Amino acid sequence: MSHKNIVVTGASSGIGKSIMEELLAKNDGSRILAACRHAEKIGDYGERVVPFSCDLSTKEGVDALFAKAEEVFDGQIDLYFCNAGAPYYERFDYEDWDRISRIFDLNTVAHIYTYSKYLHHLNGRPGRLVYTISAMGEMALPGYALYAATKFAMKGFQQAIRDETPENLQISCVYPVSTKTNFFNVGGGGRKMEPPFPVQAPEKVGKAVVKGIDKLKKHIYPCPVYLPSKVLMNVVPPVKSLYVYAQKGKLRRFVKRVEAEKRGVIEDIKLQHEIRK
C-alpha cells in the first residue's frame, strides 16, 4: 500500500477518520483525498490529505468526487474506500417515500454507482475498492430495518459482482459491529440510543481494516468475537433469540422516550396557546 493514491469517503469522523489516520500513521508516502459533506470538519493533516466537500447521496456528488480525485492524483486512483453512510434508528411504521429513498441513495445506490465509475476509471489498471458494509448486512436487528436493508443489498451486490469483476479490480468488504462514533447520535435523531453489543472503538476498526487490506483480504471482520458469535447463534438458535429479544427491549425504551417527548411538546404548545389567549 506504499505510495498509493487513496480516496476515503465519510472521512470527517468515525471509521472513515480512523482509516485515514491509520493510513497516515504508516508514513509510506501515500496521498489521500478525504471526502465528506463538510470538508472543514476533517481538519488539517498536512499536504498528504486533500479535504473535499460533496454530497455522496447524489450522482452529481459522486461524479464530482471522481473528477476531483483524477485532478489531484493525475488520473490514477489506486485505492477507494466506500465508507460514507448513515443510519436510522426507529420503529418503521410510517409512509415516507423520500425518507426511504434518502438512506438507500447514500448507503446503497451511491456505492453501486461508485463501482461502475471506478471500474471505468481504472480502464484495466489495478485497483482496490473497499466497502464498509456492517455486521447488520448479515444480521438485521430491531430498530434498524431500513439501515439493515441497505447493508443486505450491498452484501448481495458484492457477492454477485465478484463473479463479473475483471481481475484488475479487487474488492474488500468490512463488517464492523457497533462502533463508538456519531452513528448512534445520527441514528436516533440526536436522542440517546443503546447500541447493540458488542461495541468497538473506531481506532481498532481502522487498524483492522488497513491490516486486512495489506493482507489483501476479501472480507474483513474487525471484531474478533463476531464470527464465533455468528457460528454460535446458528448452532444454538435460542442464543440468537435472546440477543434479538434484548435489542427489542432497547427499541421499546427508545420509542417510549420519543413518544414522551412528543407528548411534552404538544402539551407545551397547548400551554403557550392558553397563555396567549
# chains A, B, ... in the order shown; residues from 1 in each chain; ligands from 1
>>> select_by_dssp(residues="region 92-189 of chain A", states="strand (DSSP E or B)", output="list in words")
Gly127, Arg128, Leu129, Val130, Tyr131, Thr132, Leu169, Gln170, Ile171, Ser172, Cys173, Val174, Ser178 and Thr179 of chain A
>>> residues_around(residues="Met193 (chain A)", least_positions_apart="3", cutoff="10 Å", atoms="only C-alpha atoms", output="list in words")
Tyr89, Phe183, Phe184, Asn185, Val186, Gly187, Gly188, Gly189, Gly190, Pro196, Lys250, Leu251, Arg253 and Phe254 of chain A
>>> residues_around(residues="Gly143 (chain A)", least_positions_apart="4", cutoff="9 Å", atoms="only C-alpha atoms", output="number ranges by chain")
A: 88-92, 147, 247-248, 250-251
>>> closest_residue(among="A:Val174, A:Lys192, A:Val255, A:Gly249", to="Tyr221 (chain A)", atoms="only C-alpha atoms")
A:Val174
>>> select_by_dssp(residues="region 152-268 of chain A", states="alpha helix (DSSP H)", output="NGL selection string")
:A and (152-161 or 183-187 or 202-214 or 226-235 or 237-268)
>>> write_last_selection(atoms="C-alpha atoms", output="CSV table (one decimal), in the first residue's frame")
chain,number,residue,atom,x,y,z
A,152,PHE,CA,-28.1,-6.5,3.0
A,153,ALA,CA,-28.4,-5.0,-0.5
A,154,MET,CA,-24.6,-4.2,-0.5
A,155,LYS,CA,-23.8,-7.7,0.7
A,156,GLY,CA,-25.8,-9.2,-2.2
A,157,PHE,CA,-24.3,-6.8,-4.7
A,158,GLN,CA,-20.7,-7.5,-3.8
A,159,GLN,CA,-21.4,-11.2,-3.7
A,160,ALA,CA,-22.8,-11.2,-7.3
A,161,ILE,CA,-20.4,-8.7,-8.8
A,183,PHE,CA,-23.5,6.8,14.2
A,184,PHE,CA,-25.7,6.4,17.3
A,185,ASN,CA,-26.4,10.1,17.6
A,186,VAL,CA,-27.4,10.5,14.0
A,187,GLY,CA,-29.5,7.3,14.0
A,202,PRO,CA,-13.2,3.3,15.8
A,203,GLU,CA,-9.4,3.2,16.1
A,204,LYS,CA,-9.5,-0.6,16.4
A,205,VAL,CA,-11.7,-0.8,13.3
A,206,GLY,CA,-9.3,1.4,11.4
A,207,LYS,CA,-6.3,-0.7,12.3
A,208,ALA,CA,-8.1,-3.9,11.4
A,209,VAL,CA,-9.2,-2.5,8.1
A,210,VAL,CA,-5.8,-1.3,7.0
A,211,LYS,CA,-4.2,-4.5,8.2
A,212,GLY,CA,-6.7,-6.5,6.2
A,213,ILE,CA,-6.1,-4.5,3.1
A,214,ASP,CA,-2.4,-5.0,3.5
A,226,TYR,CA,-18.1,-11.6,15.8
A,227,LEU,CA,-17.5,-14.7,13.7
A,228,PRO,CA,-17.6,-17.1,16.7
A,229,SER,CA,-20.8,-15.5,17.9
A,230,LYS,CA,-22.3,-15.8,14.5
A,231,VAL,CA,-21.5,-19.5,14.4
A,232,LEU,CA,-22.9,-20.0,18.0
A,233,MET,CA,-26.2,-18.3,17.0
A,234,ASN,CA,-26.5,-20.6,14.0
A,235,VAL,CA,-25.7,-23.7,16.0
A,237,PRO,CA,-30.8,-20.7,17.9
A,238,PRO,CA,-32.0,-19.8,21.4
A,239,VAL,CA,-28.8,-17.7,21.8
A,240,LYS,CA,-29.8,-15.6,18.8
A,241,SER,CA,-33.4,-15.3,20.1
A,242,LEU,CA,-32.2,-14.0,23.5
A,243,TYR,CA,-29.9,-11.5,21.8
A,244,VAL,CA,-32.7,-10.2,19.5
A,245,TYR,CA,-35.1,-10.0,22.4
A,246,ALA,CA,-32.6,-7.8,24.2
A,247,GLN,CA,-32.5,-5.5,21.2
A,248,LYS,CA,-36.3,-5.3,21.1
A,249,GLY,CA,-36.2,-4.1,24.7
A,250,LYS,CA,-33.8,-1.3,23.7
A,251,LEU,CA,-36.1,-0.2,20.8
A,252,ARG,CA,-39.2,-0.3,23.1
A,253,ARG,CA,-37.4,2.0,25.6
A,254,PHE,CA,-36.3,4.3,22.8
A,255,VAL,CA,-39.8,4.6,21.3
A,256,LYS,CA,-41.3,5.4,24.7
A,257,ARG,CA,-38.8,8.2,25.1
A,258,VAL,CA,-39.6,9.6,21.7
A,259,GLU,CA,-43.4,9.4,22.4
A,260,ALA,CA,-42.9,11.1,25.7
A,261,GLU,CA,-41.0,13.9,24.1
A,262,LYS,CA,-43.8,14.4,21.5
A,263,ARG,CA,-46.4,14.5,24.2
A,264,GLY,CA,-44.3,17.0,26.1
A,265,VAL,CA,-44.0,19.2,23.0
A,266,ILE,CA,-47.8,19.0,22.3
A,267,GLU,CA,-48.6,20.0,26.0
A,268,ASP,CA,-46.1,22.8,25.8
>>> closest_residue(among="A:Thr114, A:Leu33, A:Ile42, A:Glu47", to="Lys68 (chain A)", atoms="only C-alpha atoms")
A:Leu33
>>> residues_around(residues="Ala201 (chain A)", least_positions_apart="4", cutoff="10 Å", atoms="only C-alpha atoms", output="ChimeraX atom specification")
/A:14-15,18,177-181,205-206,223
>>> closest_residue(among="A:Gly137, A:Pro224, A:Pro51, A:Gly124", to="Ala39 (chain A)", atoms="only C-alpha atoms")
A:Pro51
